[in-house]
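J.: So that you have it, the file is entry.cif, and it contains mmCIF, C-alpha atoms:
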```cif
data_data
loop_
_atom_site.label_atom_id
_atom_site.label_comp_id
_atom_site.auth_asym_id
_atom_site.auth_seq_id
_atom_site.Cartn_x
_atom_site.Cartn_y
_atom_site.Cartn_z
CA ALA A 22 -101.10 -163.78 50.91
CA ILE A 23 -98.21 -164.78 48.65
CA LYS A 24 -98.53 -168.52 47.96
CA ASN A 25 -97.26 -171.19 45.57
CA CYS A 26 -95.00 -168.91 43.54
CA ASN A 27 -91.60 -169.41 41.91
CA ILE A 28 -89.69 -166.23 42.70
CA ILE A 29 -86.29 -165.58 41.10
CA ALA A 30 -84.67 -162.22 41.80
CA GLY A 31 -81.91 -160.69 39.69
CA SER A 32 -78.80 -161.06 41.83
CA ASN A 33 -77.57 -162.68 45.03
CA SER A 34 -75.03 -159.94 45.69
CA ALA A 35 -76.81 -156.63 45.00
CA LEU A 36 -77.93 -154.83 48.18
CA THR A 37 -81.36 -154.18 46.65
CA SER A 38 -82.05 -157.80 45.69
CA PHE A 39 -84.86 -159.47 47.64
CA GLY A 40 -87.08 -162.45 46.90
CA ILE A 41 -89.97 -160.99 48.93
CA PHE A 42 -89.63 -157.55 50.52
CA VAL A 43 -92.03 -156.35 53.22
CA GLY A 44 -91.23 -152.79 54.24
CA GLY A 45 -91.46 -149.18 53.21
CA THR A 46 -90.94 -147.34 49.97
CA THR A 47 -87.15 -147.71 50.01
CA ILE A 48 -86.07 -151.17 48.85
CA THR A 49 -82.92 -151.66 50.95
CA SER A 50 -81.96 -153.72 53.96
CA SER A 51 -82.60 -150.64 56.12
CA GLY A 52 -86.03 -150.02 54.57
CA THR A 53 -88.86 -150.36 57.08
CA GLY A 54 -92.61 -149.88 56.78
CA ASN A 55 -95.49 -149.71 59.21
CA ASP A 56 -98.19 -152.24 59.97
CA ASN A 57 -97.96 -154.74 57.15
CA ASP A 58 -100.24 -156.98 59.22
CA ASN A 59 -101.79 -160.40 58.60
CA LEU A 60 -99.41 -161.35 55.80
CA THR A 61 -98.95 -165.02 54.83
CA VAL A 62 -95.95 -166.14 52.74
CA GLN A 63 -96.39 -169.84 52.07
CA ASN A 64 -95.14 -172.63 49.79
CA ASN A 65 -92.97 -170.44 47.58
CA ALA A 66 -89.65 -171.32 45.94
CA ILE A 67 -87.26 -168.37 46.23
CA SER A 68 -83.80 -168.05 44.70
CA LYS A 69 -81.19 -165.65 43.29
CA ALA A 70 -81.58 -162.93 45.92
CA LEU A 71 -79.37 -161.47 48.63
CA TYR A 72 -82.26 -161.93 51.08
CA GLY A 73 -84.89 -164.60 50.51
CA ILE A 74 -87.66 -163.06 52.65
CA TYR A 75 -87.21 -159.71 54.37
CA ALA A 76 -89.90 -158.19 56.61
CA ALA A 77 -89.22 -155.11 58.72
CA ALA A 78 -91.25 -152.43 60.47
CA VAL A 79 -90.61 -149.70 63.02
CA ALA A 80 -91.15 -149.87 66.76
CA GLY A 81 -94.72 -149.07 67.69
CA ASN A 82 -96.03 -149.99 64.23
CA VAL A 83 -94.94 -153.59 64.00
CA ASN A 84 -96.01 -156.28 61.56
CA ASP A 85 -98.63 -158.37 63.37
CA ASN A 86 -99.56 -161.98 62.63
CA LEU A 87 -96.85 -162.66 60.07
CA VAL A 88 -96.81 -166.25 58.76
CA ILE A 89 -93.80 -167.55 56.81
CA SER A 90 -94.33 -171.26 56.25
CA GLY A 91 -93.35 -174.07 53.92
CA ASN A 92 -91.07 -172.04 51.68
CA LEU A 93 -88.04 -173.41 49.81
CA ILE A 94 -85.37 -170.74 50.06
CA GLY A 95 -82.25 -171.50 48.07
CA SER A 96 -81.18 -173.36 44.95
CA ALA A 97 -79.35 -176.53 44.03
CA ALA A 98 -78.40 -174.99 40.67
CA SER A 99 -75.39 -172.78 40.00
CA ALA A 100 -73.84 -170.49 42.60
CA ALA A 101 -75.42 -167.49 40.87
CA ASP A 102 -78.89 -168.87 41.58
CA GLN A 103 -78.41 -169.34 45.34
CA ILE A 104 -79.39 -166.99 48.17
CA GLY A 105 -76.53 -164.61 48.93
CA GLN A 106 -76.65 -163.73 52.64
CA ARG A 107 -79.86 -164.36 54.63
CA GLY A 108 -82.73 -166.74 54.11
CA ILE A 109 -85.31 -165.01 56.34
CA ASN A 110 -84.83 -161.63 58.04
CA ILE A 111 -87.49 -160.37 60.49
CA VAL A 112 -87.46 -157.06 62.42
CA GLN A 113 -90.27 -155.58 64.57
CA ALA A 114 -92.96 -158.27 64.41
CA ASN A 115 -95.57 -159.56 66.82
CA ASN A 116 -97.14 -163.01 66.83
CA ALA A 117 -95.06 -164.27 63.90
CA ASN A 118 -95.01 -167.94 62.92
CA ILE A 119 -91.91 -169.01 60.97
CA SER A 120 -92.23 -172.74 60.36
CA GLN A 121 -91.41 -175.63 58.06
CA ASN A 122 -89.15 -173.60 55.77
CA THR A 123 -86.13 -175.15 54.06
CA ILE A 124 -83.19 -172.75 53.79
CA PHE A 125 -80.11 -174.12 52.06
CA ASN A 126 -77.02 -173.41 49.95
CA ILE A 127 -76.18 -169.88 51.08
CA ILE A 128 -72.63 -170.22 49.81
CA GLY A 129 -70.24 -167.45 48.80
CA THR A 130 -68.27 -164.43 49.93
CA GLN A 131 -71.11 -162.43 51.50
CA THR A 132 -70.27 -162.07 55.20
CA ASN A 133 -72.00 -164.20 57.85
CA PRO A 134 -74.50 -166.23 55.81
CA THR A 135 -77.54 -166.71 58.05
CA GLY A 136 -80.58 -168.95 57.85
CA ILE A 137 -83.05 -167.02 60.02
CA PHE A 138 -82.32 -163.64 61.59
CA ILE A 139 -84.71 -162.55 64.36
CA GLY A 140 -84.03 -158.86 64.90
CA ALA A 141 -85.12 -156.01 67.15
CA GLY A 142 -88.63 -156.01 68.54
CA VAL A 143 -89.73 -159.50 67.48
CA LEU A 144 -92.14 -160.68 70.19
CA ASN A 145 -94.59 -163.51 70.99
CA SER A 146 -93.43 -165.60 68.05
CA ILE A 147 -92.62 -169.19 67.08
CA ILE A 148 -89.70 -170.42 64.97
CA SER A 149 -90.24 -174.13 64.46
CA ARG A 150 -89.58 -177.13 62.21
CA ASN A 151 -87.23 -175.29 59.87
CA ASP A 152 -84.45 -177.13 58.03
CA ILE A 153 -81.36 -174.92 57.72
CA ARG A 154 -78.27 -176.38 56.03
CA SER A 155 -75.17 -175.65 53.96
CA LEU A 156 -74.51 -172.03 54.91
CA LYS A 157 -70.89 -171.41 53.95
CA TYR A 158 -68.69 -168.34 53.77
CA THR A 159 -66.00 -169.08 51.17
CA GLY A 160 -63.81 -165.98 51.50
CA THR A 161 -60.75 -165.31 53.67
CA GLY A 162 -61.98 -162.32 55.68
CA GLY A 163 -62.85 -164.20 58.87
CA TYR A 164 -66.59 -164.99 58.83
CA GLY A 165 -68.86 -167.99 59.31
CA GLY A 166 -72.36 -169.33 58.87
CA LYS A 167 -75.13 -168.89 61.46
CA GLY A 168 -78.28 -170.99 61.64
CA ILE A 169 -80.71 -168.97 63.80
CA ASP A 170 -79.53 -165.60 65.12
CA VAL A 171 -81.76 -163.95 67.75
CA GLN A 172 -81.17 -160.26 68.57
CA THR A 173 -84.52 -158.93 69.83
CA GLY A 174 -83.20 -156.33 72.27
CA VAL A 175 -86.04 -157.29 74.65
CA ALA A 176 -85.82 -159.26 77.91
CA ALA A 177 -89.41 -160.54 77.62
CA SER A 178 -89.42 -161.61 73.98
CA ASN A 179 -91.69 -164.63 74.49
CA LEU A 180 -90.14 -166.64 71.66
CA THR A 181 -90.19 -170.39 71.16
CA ILE A 182 -87.49 -171.95 68.97
CA ALA A 183 -88.40 -175.61 68.56
CA ASN A 184 -87.77 -178.68 66.42
CA ASN A 185 -85.40 -176.97 64.00
CA PHE A 186 -82.63 -178.84 62.17
CA ILE A 187 -79.38 -176.92 61.60
CA SER A 188 -76.32 -178.45 59.94
CA ASP A 189 -73.26 -177.89 57.75
CA LEU A 190 -72.28 -174.32 58.64
CA SER A 191 -68.78 -173.19 57.75
CA GLY A 192 -66.35 -170.41 56.90
CA ASP A 193 -62.77 -169.58 57.73
CA GLY A 194 -63.94 -168.66 61.23
CA TRP A 195 -63.29 -165.86 63.71
CA THR A 196 -62.09 -165.26 67.26
CA THR A 197 -65.27 -163.91 68.87
CA LEU A 198 -68.69 -165.53 69.21
CA THR A 199 -70.34 -162.10 69.47
CA SER A 200 -69.47 -161.22 65.88
CA ASP A 201 -68.32 -163.45 63.02
CA ALA A 202 -67.72 -166.98 64.34
CA ILE A 203 -69.60 -170.08 63.16
CA ILE A 204 -72.69 -170.60 65.38
CA GLY A 205 -75.73 -172.85 65.16
CA ILE A 206 -78.13 -170.90 67.41
CA ARG A 207 -77.10 -167.54 68.86
CA LEU A 208 -79.10 -165.80 71.60
CA GLY A 209 -77.79 -162.25 71.84
CA THR A 210 -74.32 -160.81 71.42
CA GLY A 211 -74.12 -158.84 74.67
CA SER A 212 -77.21 -156.67 74.34
CA THR A 213 -80.54 -157.50 76.01
CA VAL A 214 -82.33 -160.65 74.88
CA GLY A 215 -84.54 -163.01 76.84
CA GLY A 216 -87.79 -164.81 77.45
CA ILE A 217 -86.85 -167.55 75.00
CA ASN A 218 -87.71 -171.25 74.96
CA VAL A 219 -85.33 -173.50 73.01
CA TYR A 220 -86.80 -177.01 72.70
CA TYR A 221 -86.02 -180.14 70.66
CA ASN A 222 -83.59 -178.56 68.19
CA SER A 223 -80.75 -180.46 66.51
CA VAL A 224 -77.53 -178.64 65.63
CA ASN A 225 -74.80 -180.57 63.81
CA LEU A 226 -71.60 -178.65 63.03
CA PHE A 227 -68.66 -180.29 61.27
CA GLY A 228 -65.84 -179.68 58.80
CA ASN A 229 -62.87 -177.32 58.76
CA ALA A 230 -62.63 -173.64 59.66
CA ASP A 231 -59.02 -173.09 58.71
CA ARG A 232 -57.74 -169.68 59.70
CA ALA A 233 -54.06 -169.68 60.59
CA SER A 234 -53.79 -166.13 61.93
CA SER A 235 -56.19 -166.49 64.86
CA SER A 236 -57.61 -168.88 67.44
CA THR A 237 -61.04 -169.42 65.90
CA LEU A 238 -64.11 -170.23 67.99
CA SER A 239 -67.35 -172.00 67.07
CA ALA A 240 -70.43 -173.05 69.02
CA ALA A 241 -73.55 -175.10 68.40
CA LEU A 242 -75.31 -172.78 70.91
CA TYR A 243 -74.07 -169.39 72.07
CA VAL A 244 -75.70 -167.33 74.83
CA GLY A 245 -74.71 -163.68 75.01
CA ALA A 246 -73.89 -161.71 78.15
CA GLY A 247 -77.19 -159.81 78.13
CA ALA A 248 -79.43 -162.89 78.09
CA SER A 249 -82.06 -163.80 80.68
CA GLY A 250 -85.15 -165.96 81.10
CA LEU A 251 -83.90 -168.84 78.94
CA ASP A 252 -85.54 -172.28 79.00
CA ILE A 253 -83.32 -174.71 77.07
CA ARG A 254 -84.37 -178.36 77.06
CA ASN A 255 -84.23 -181.57 75.01
CA ASN A 256 -81.83 -180.30 72.34
CA ILE A 257 -78.87 -181.92 70.59
CA PHE A 258 -75.83 -179.65 70.29
CA LYS A 259 -72.95 -181.22 68.37
CA ASN A 260 -69.78 -179.46 67.22
CA GLU A 261 -66.95 -181.19 65.34
CA ILE A 262 -65.48 -178.13 63.58
CA VAL A 263 -61.70 -178.33 63.29
CA ASN A 264 -59.11 -175.66 62.57
CA THR A 265 -56.12 -177.58 61.20
CA LEU A 266 -53.91 -174.49 61.03
CA THR A 267 -53.72 -173.55 64.71
CA ALA A 268 -53.66 -175.43 67.98
CA THR A 269 -55.55 -172.73 69.88
CA ALA A 270 -58.98 -173.00 68.21
CA LYS A 271 -61.97 -174.09 70.29
CA ALA A 272 -65.21 -175.83 69.28
CA TYR A 273 -68.02 -175.62 71.86
CA ALA A 274 -71.27 -177.54 72.09
CA ILE A 275 -72.51 -174.64 74.25
CA ASN A 276 -70.81 -171.41 75.23
CA SER A 277 -72.54 -169.00 77.60
CA ALA A 278 -71.29 -165.53 78.45
CA SER A 279 -74.18 -165.25 80.93
CA ALA A 280 -74.23 -166.60 84.45
CA ALA A 281 -76.39 -169.53 85.55
CA SER A 282 -79.08 -167.05 86.58
CA ALA A 283 -79.85 -166.46 82.89
CA PHE A 284 -81.48 -169.89 82.70
CA THR A 285 -84.87 -170.69 84.15
CA ALA A 286 -84.19 -174.28 83.02
CA ILE A 287 -81.41 -176.02 81.11
CA ASN A 288 -81.94 -179.75 81.15
CA ASN A 289 -82.06 -183.00 79.13
CA ASN A 290 -79.77 -181.66 76.39
CA ASP A 291 -77.16 -183.77 74.57
CA TYR A 292 -73.77 -182.05 74.20
CA TYR A 293 -70.99 -183.38 71.98
CA ALA A 294 -67.83 -181.42 71.24
CA ALA A 295 -65.08 -183.21 69.31
CA GLY A 296 -63.62 -180.44 67.19
CA SER A 297 -60.50 -178.40 67.81
#
```
Would it be possible to restate this file's structure as structure tokens?
T.:
Amino acid sequence: AIKNCNIIAGSNSALTSFGIFVGGTTITSSGTGNDNDNLTVQNNAISKALYGIYAAAVAGNVNDNLVISGNLIGSAASAADQIGQRGINIVQANNANISQNTIFNIIGTQTNPTGIFIGAGVLNSIISRNDIRSLKYTGTGGYGGKGIDVQTGVAASNLTIANNFISDLSGDGWTTLTSDAIIGIRLGTGSTVGGINVYYNSVNLFGNADRASSSTLSAALYVGAGASGLDIRNNIFKNEIVNTLTATAKAYAINSASAASAFTAINNNDYYAAGS
């Protein structure tokens, strides 16, 4: 267990800078380690790192029973003290509980600032009651913030994403929702993903994504072409992002590249799209 600590790393831009790293002997974003089971990361304040919390394993030797709860990931101090790119990054985990974390002020020129990334092989897990806000790409390369990005590569992931608050994501935007556009919750980018419940989440997107050279897209919820088994109910999806430099931008409350058959249920959601 790692509890009740103030953790300040050395840099929010260096590729080897992590607040808490769970993996193998190589401290990089590709470093993975086997069976770091029954780990609890709770009530910590984490700042000045590229990744706030990073936990990765390899297929067949996953991290079981991972708990990441009640952590404050980010900083209200200077830009140098903030998280650089991702608040929480999880790969190859079973029975994880990621709840009640506050992830904020990921602001800068690192591409695609992301609150919670759920990567390959994450199964039977809950992502709930997290507050994710102020994720902003400030460069001109065509990128945008993402609240919760789910890329499990598994059709029967058995994930529940519930009661999360996501707001104030921005960047200069991009033309494709499968790569660098501004997105509140993304379920796949074309590869396999499925078996996901999305309940009682609130996504509030607003502000400008001004990129003159392209017709930028944004979405409060995006469903990729390889998705299946989705149960999406009782959410609020609001998108008021505006691109003032082109008339061809589009802001979606929900955009699905999958057919209706991808949804086992999609009901009682509030959709509001008033952006470009």
J.: Would you list the contacts of Gln172 of chain A as a PyMOL selection string, taking every protein, DNA or RNA residue within 12 Å and counting only C-alpha atoms, but skipping same-chain residues closer than 2 positions in sequence?
T.: chain A and resi 110-113+137-144+169-170+174-176+178+180+199+206-217+244-245+247-248
J.: Identify, on the basis of only C-alpha atoms, every residue whose closest approach to Leu36 of chain A does not exceed 9 Å; exclude the query and any residue fewer than 5 positions from it along the same chain; express the result as an MDAnalysis selection string.
T.: chainID A and resid 48:50 71:72
J.: For this structure, which residues satisfy the selection - the PyMOL selection byres ((chain A and resi 146) around 6) - when it is evaluated on the file as given? I want them as a ChimeraX atom specification.
T.: /A:116-118,144-145,147,180
J.: Can you list, as a PyMOL selection string, every protein, DNA or RNA residue that comes within 12 Å of Gly108 of chain A when you count only C-alpha atoms, leaving out same-chain residues fewer than 3 positions away?
T.: chain A and resi 33+39-41+66-76+89+92-96+103-105+111+119+122-128+133-139+151-156+166-170
J.: For Ala202 of chain A, which residue among A:Ala295, A:Ala80, A:Val43, A:Ala272 is the nearest when counting only C-alpha atoms?
T.: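 For Ala202 of chain A, the nearest of the given residues is A:Ala272.
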J.: Expressed in Å to a single decimal, how great is the separation between atom CA of Ala77 of chain A and atom CA of Ser277 of chain A?
T.: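 Between atom CA of Ala77 of chain A and atom CA of Ser277 of chain A the gap works out to 28.8 Å.
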J.: Give me, as CSV, the closest atom pair and its distance (Å, one decimal) for every residue of segment 169-235 of chain A within a cut-off of 8 Å of segment 254-258 of chain A, counting all atoms listed in the file, rows sorted by chain and rising number.
T.:
```
residue,atom,partner,partner_atom,distance
A:Val219,CA,A:Arg254,CA,6.4
A:Tyr220,CA,A:Arg254,CA,5.2
A:Tyr221,CA,A:Asn256,CA,4.5
A:Asn222,CA,A:Asn256,CA,4.8
A:Ser223,CA,A:Ile257,CA,4.7
A:Val224,CA,A:Phe258,CA,5.1
A:Asn225,CA,A:Phe258,CA,6.6
```
J.: Rounded to one decimal, what separation in Å do you get between atom CA of Thr159 of chain A and atom CA of Asp189 of chain A?
T.: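 Computed distance, atom CA of Thr159 of chain A to atom CA of Asp189 of chain A, equals 13.2 Å.
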J.: Check the smallest atom-to-atom distance from each of A:Asn218, A:Ser297, A:Thr130, A:Thr161 to Ile148 of chain A using only C-alpha atoms, then report the winner.
T.: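 Looking at the shortest contact to Ile148 of chain A, the residue is A:Asn218.
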J.: Given the PyMOL selection byres ((chain A and resi 268) around 10) and the file above, list the residues it selects as a list in words.
T.: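 With the shown file as input, the PyMOL selection byres ((chain A and resi 268) around 10) matches Ala233, Ser235, Ser236, Thr237, Val263, Asn264, Thr265, Leu266, Thr267, Thr269, Ala270, Lys271 and Ser297 of chain A.
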J.: Might you spell out which residues the PyMOL selection byres ((chain A and resi 291-294) around 6) would select in the displayed file, as an NGL selection string?
T.: :A and (257-261 or 273-274 or 290 or 295-296)
J.: Could you tell me how far atom CA of Ile23 of chain A lies from atom CA of Lys157 of chain A, in Å and to one decimal?
T.: 28.6 Å
J.: Given the choices A:Thr46, A:Gln106, A:Asn65, A:Ser200, which gets closest to Ser34 of chain A if the distance is worked out from all atoms listed in the file?
T.: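 The closest residue to Ser34 of chain A is A:Gln106.
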J.: May I ask which of the residues A:Ala246, A:Ala101, A:Ile203, A:Ala78 is the closest one to Asn229 of chain A, counting all atoms listed in the file?
T.: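 So, comparing all the options, the nearest one is A:Ile203.
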J.: With only C-alpha atoms as the basis for distance, which of A:Ala278, A:Gly165, A:Thr181, A:Ala114 is at the shortest distance from Leu238 of chain A?
T.: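 Among A:Ala278, A:Gly165, A:Thr181, A:Ala114, it is A:Gly165 that comes nearest to Leu238 of chain A.
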J.: Have a look at A:Asn184, A:Ser191, A:Gln121, A:Thr285 and name the one nearest to Leu226 of chain A; count only C-alpha atoms.
T.: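 Of the candidates, the smallest distance to Leu226 of chain A is held by A:Ser191.
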